[in-house]
Number of protein chains: 2
Amino acid sequence: MSRTLAATKASAVPPPPATQNLLLAALPAADYARLLPHLEPVPLPLGWSVYESGDRMAHVFFPTEGIISLLYVMESGASAEIAITGNEGLVGISLFMGGQSTPSRAIVQSAGHAYRLRADFLMREFERGGELQHKLLRFTQALITQMAQTAVCNRHHTVEQQLCRWLLLSLDRLPSNKLAMTQELIANMLGVRREGVTEAAGHLQEAGLIDYRRGHIAVLDRPGLEARVCECYAVVKRESDRLQEPVGAA
Amino acid sequence: MSRTLAATKASAVPPPPATQNLLLAALPAADYARLLPHLEPVPLPLGWSVYESGDRMAHVFFPTEGIISLLYVMESGASAEIAITGNEGLVGISLFMGGQSTPSRAIVQSAGHAYRLRADFLMREFERGGELQHKLLRFTQALITQMAQTAVCNRHHTVEQQLCRWLLLSLDRLPSNKLAMTQELIANMLGVRREGVTEAAGHLQEAGLIDYRRGHIAVLDRPGLEARVCECYAVVKRESDRLQEPVGAA
DNA sequence: CGCGCTATGTACGGTTCAGAACGTATTTGG
DNA sequence: CCAAATACGTTCTGAACCGTACATAGCGCG
């Protein structure tokens, strides 16, 4: 009775293991062992704000599943995505970068799970130097590349190209070829009108690359998307892969 | 005789002291003393490429004067500026971030001087942790903010607003109100057509905010520019100032 | 001091996208 | 099972900006 109740109150499915986060998984065993007792599983519900502009963060989050968008919301209410993160990284770099907060905001774009770590504990570990610090900084550099390329893409490429880039970047962080996402939300991420997304998605659907209906998009032809996307996707992907390699790899 | 010759061979004017770089100036005396013997003054001639896309850098550069643009050049040849740095920071963050290189490029946009530090020495110092590491990371976070805001600005704001932002960001890194810059080069930085810059600059000139002629721009009314610029400038400036404050300041 | 290079001014058609309004279809919940 | 909410489709007008072409003006150098 009470067991059933407890199981209902907690998440129905047990959270995935922390090693499903690639950053944690790549740590040396000793480093990981020190972290493990302090890693606290938390759900990432759709739409949840991990942090708001200017928030002094109490934790960093290592996602095991799901996608988190970093975005900036302007005074007018218009917004633009700056970068996204999934199980390859973490959310809350401004903690170890020393600023404690940032002008941007982080929103769960696709529900999932994460392990969180208290800020003070992370800082102690970061200041040991070594592999954890190294991996966090390399991930941050990948994030920087993503932001830079977002700036370039916003300047020079069409909505359709940007939608392709966005779909591919999201897909790389999801286990299946399906994402639960309305066109309205995608438009907010790309910083364009919803109608623009409708039109671009229509083209992709006509071309047989995707299939969507009311908040659900399935990618049918990934190579086809890769053929349409601008170079920005490849730049980000290549750099992200490179920075995930063990240090000293060719 | 030989003294005269040596003086002629070297730069005509002596390079400014290293403490004119705010990052170096803010270091504790002991840290600065360790660095000083390894700081090598180098000129930053206009148009010089500090590093190219993918270069494995041998040095980091601490500018004392001048401006360096970080930009990305696309396959098509089109380009877009991602961030700029002057004497408040350094060029070559990918060294201590662990990636050794980046897909972007760094170009001297306004001539000046810098002190360079060998990569291996910088890495040893960085890995000591402490104040140098801390300051480098906080500067990097300011750079991240600048990139993020560039992405937002590229998405949502007009050429004229972006020109105002660009002028103000540049001005903040120069000793006078004059910058030597053609509209063509500004257009390359903003990633727009030269004609667009001509038109926007024309408006600003009519309004009495700037005065320009053939490669030279003088800002006459800075408050006027600040009244026209989008919020992006203030976000970047505020965050940059905040991250330059001593740690623990309110 | 004038020739030529480079920087800036101007104009035109075309495309992309914003803003706005409204219609249609699918889902949800009482 | 129907009403309301939500998601997507369509259309129109206008603004911003691009690509292009060409005209003018400042400046350096022989």
# chains A, B, ... in the order shown; residues from 1 in each chain; ligands from 1
>>> residues_around(residues="stretch 11-27 of chain D", least_positions_apart="3", cutoff="8 Å", atoms="only C-alpha atoms (C1' of nucleotides)", output="list of chain:residue names")
B:Thr158, B:Arg193, B:Gly196, B:Arg214, C:DA7, C:DT8, C:DG9, C:DT10, C:DT15, C:DA18
>>> write_last_selection(atoms="C-alpha atoms (C1' of nucleotides)", output="JSON list (two decimals), in the first residue's frame")
[["chain", "number", "residue", "atom", "x", "y", "z"],
["B", 158, "THR", "CA", 18.35, 46.63, -37.71],
["B", 193, "ARG", "CA", 26.34, 44.87, -47.37],
["B", 196, "GLY", "CA", 23.67, 49.13, -45.76],
["B", 214, "ARG", "CA", 36.96, 58.19, -46.17],
["C", 7, "DA", "C1'", 35.86, 54.99, -50.56],
["C", 8, "DT", "C1'", 31.36, 56.49, -50.57],
["C", 9, "DG", "C1'", 26.62, 57.71, -52.70],
["C", 10, "DT", "C1'", 22.51, 56.24, -55.19],
["C", 15, "DT", "C1'", 13.59, 38.01, -52.01],
["C", 18, "DA", "C1'", 7.60, 40.62, -40.08]]
>>> select_by_dssp(residues="stretch 156-217 of chain B", states="strand (DSSP E or B)", output="PyMOL selection string")
chain B and resi 178-180+210-213+216-217
>>> interface_residues(of="chain A", to="chain B", cutoff="6 Å", atoms="only C-alpha atoms", output="NGL selection string")
:A and (80 or 82 or 97-98 or 137-138 or 147-148 or 150-152 or 154-155)
>>> write_last_selection(atoms="C-alpha atoms", output="PDB file, in the first residue's frame")
ATOM      1  CA  ALA A  80      16.437  33.749 -29.506  1.00  0.00           C
ATOM      2  CA  ILE A  82      21.857  30.724 -28.170  1.00  0.00           C
ATOM      3  CA  MET A  97      33.462  30.291 -15.113  1.00  0.00           C
ATOM      4  CA  GLY A  98      33.270  32.562 -12.101  1.00  0.00           C
ATOM      5  CA  LEU A 137      36.275  23.622 -19.988  1.00  0.00           C
ATOM      6  CA  ARG A 138      36.394  21.646 -23.199  1.00  0.00           C
ATOM      7  CA  MET A 147      26.992  30.276 -29.844  1.00  0.00           C
ATOM      8  CA  ALA A 148      29.361  31.729 -32.413  1.00  0.00           C
ATOM      9  CA  THR A 150      24.347  30.608 -34.056  1.00  0.00           C
ATOM     10  CA  ALA A 151      25.345  34.234 -34.523  1.00  0.00           C
ATOM     11  CA  VAL A 152      26.650  33.492 -38.017  1.00  0.00           C
ATOM     12  CA  ASN A 154      21.212  34.115 -37.699  1.00  0.00           C
ATOM     13  CA  ARG A 155      22.978  36.605 -39.895  1.00  0.00           C
TER      14      ARG A 155
END
>>> closest_atom_pairs(of="chain B", to="chain C", cutoff="12 Å", atoms="only C-alpha atoms (C1' of nucleotides)", output="CSV")
residue,atom,partner,partner_atom,distance
B:Arg155,CA,C:DC17,C1',11.3
B:His156,CA,C:DA18,C1',10.5
B:Met181,CA,C:DA7,C1',10.7
B:Thr182,CA,C:DA7,C1',7.4
B:Gln183,CA,C:DA7,C1',8.1
B:Glu184,CA,C:DA7,C1',8.4
B:Leu185,CA,C:DA7,C1',11.0
B:Arg194,CA,C:DT8,C1',9.5
B:Glu195,CA,C:DG9,C1',8.7
B:Gly196,CA,C:DG9,C1',11.4
B:Val197,CA,C:DT8,C1',10.3
B:Thr198,CA,C:DT8,C1',7.2
B:Glu199,CA,C:DG9,C1',8.9
B:Ala201,CA,C:DT8,C1',10.8
B:Gly202,CA,C:DG9,C1',9.8
B:Tyr212,CA,C:DT8,C1',10.4
B:Arg213,CA,C:DT8,C1',8.6
B:Arg214,CA,C:DA7,C1',5.5
B:Gly215,CA,C:DA7,C1',7.3
B:His216,CA,C:DA7,C1',10.6
>>> write_last_selection(atoms="C-alpha atoms", output="PDB file, in the first residue's frame")
ATOM      1  CA  ARG B 155      18.410  37.975 -35.323  1.00  0.00           C
ATOM      2  CA  HIS B 156      16.316  40.898 -34.199  1.00  0.00           C
ATOM      3  CA  MET B 181      37.693  52.160 -40.395  1.00  0.00           C
ATOM      4  CA  THR B 182      36.123  51.986 -43.822  1.00  0.00           C
ATOM      5  CA  GLN B 183      32.448  51.236 -44.273  1.00  0.00           C
ATOM      6  CA  GLU B 184      33.445  48.202 -46.294  1.00  0.00           C
ATOM      7  CA  LEU B 185      35.297  46.722 -43.317  1.00  0.00           C
ATOM      8  CA  ARG B 194      28.556  47.895 -47.571  1.00  0.00           C
ATOM      9  CA  GLU B 195      25.604  49.913 -48.893  1.00  0.00           C
ATOM     10  CA  GLY B 196      23.669  49.125 -45.758  1.00  0.00           C
ATOM     11  CA  VAL B 197      26.428  50.623 -43.648  1.00  0.00           C
ATOM     12  CA  THR B 198      26.571  53.694 -45.904  1.00  0.00           C
ATOM     13  CA  GLU B 199      22.895  54.283 -45.369  1.00  0.00           C
ATOM     14  CA  ALA B 201      26.060  55.863 -41.173  1.00  0.00           C
ATOM     15  CA  GLY B 202      24.356  58.546 -43.243  1.00  0.00           C
ATOM     16  CA  TYR B 212      33.027  60.437 -41.052  1.00  0.00           C
ATOM     17  CA  ARG B 213      35.146  60.790 -44.129  1.00  0.00           C
ATOM     18  CA  ARG B 214      36.959  58.193 -46.170  1.00  0.00           C
ATOM     19  CA  GLY B 215      37.986  55.635 -43.644  1.00  0.00           C
ATOM     20  CA  HIS B 216      37.734  57.775 -40.513  1.00  0.00           C
TER      21      HIS B 216
END
>>> select_by_dssp(residues="stretch 35-142 of chain B", states="helix (DSSP H, G or I)", output="ChimeraX atom specification")
/B:35-38,93-97,119-126,130-142
>>> residues_around(residues="B:Glu226", least_positions_apart="2", cutoff="12 Å", atoms="only C-alpha atoms (C1' of nucleotides)", output="list in words")
Gln161, Gln162, Leu163, Cys164, Arg165, Trp166, Leu167, Leu168, Leu169, Leu171, Leu204, Leu209, Val219, Leu220, Asp221, Arg222, Pro223, Gly224, Arg228, Val229, Cys230, Glu231, Cys232, Tyr233, Ala234 and Lys237 of chain B
>>> atom_distance(atom1="atom CA of A:Pro43", atom2="atom CA of A:Asp211")
28.5 Å
>>> atom_distance(atom1="atom CA of A:Ser176", atom2="atom CA of A:Tyr115")
21.6 Å
>>> interface_residues(of="chain D", to="chain A", cutoff="10 Å", atoms="only C-alpha atoms (C1' of nucleotides)", output="mmCIF file with C-alpha atoms (C1' of nucleotides), in the first residue's frame")
data_model
loop_
_atom_site.group_PDB
_atom_site.id
_atom_site.type_symbol
_atom_site.label_atom_id
_atom_site.label_comp_id
_atom_site.auth_asym_id
_atom_site.auth_seq_id
_atom_site.Cartn_x
_atom_site.Cartn_y
_atom_site.Cartn_z
ATOM 1 C "C1'" DT D 6 -4.699 24.545 -29.015
ATOM 2 C "C1'" DA D 7 -1.934 23.731 -33.217
ATOM 3 C "C1'" DC D 8 -1.405 24.415 -37.916
ATOM 4 C "C1'" DG D 9 -2.569 26.582 -42.763
ATOM 5 C "C1'" DT D 10 -3.168 30.574 -45.756
#
>>> closest_residue(among="A:Asp120, A:Glu160, A:Asp172, A:Glu52", to="A:Ile186", atoms="only C-alpha atoms")
A:Glu160
>>> atom_distance(atom1="atom CA of B:Arg116", atom2="atom CA of A:Glu245")
28.6 Å
>>> closest_residue(among="A:Asp55, A:Glu88, A:Glu40, A:Asp31", to="A:Leu132", atoms="only C-alpha atoms")
A:Asp31
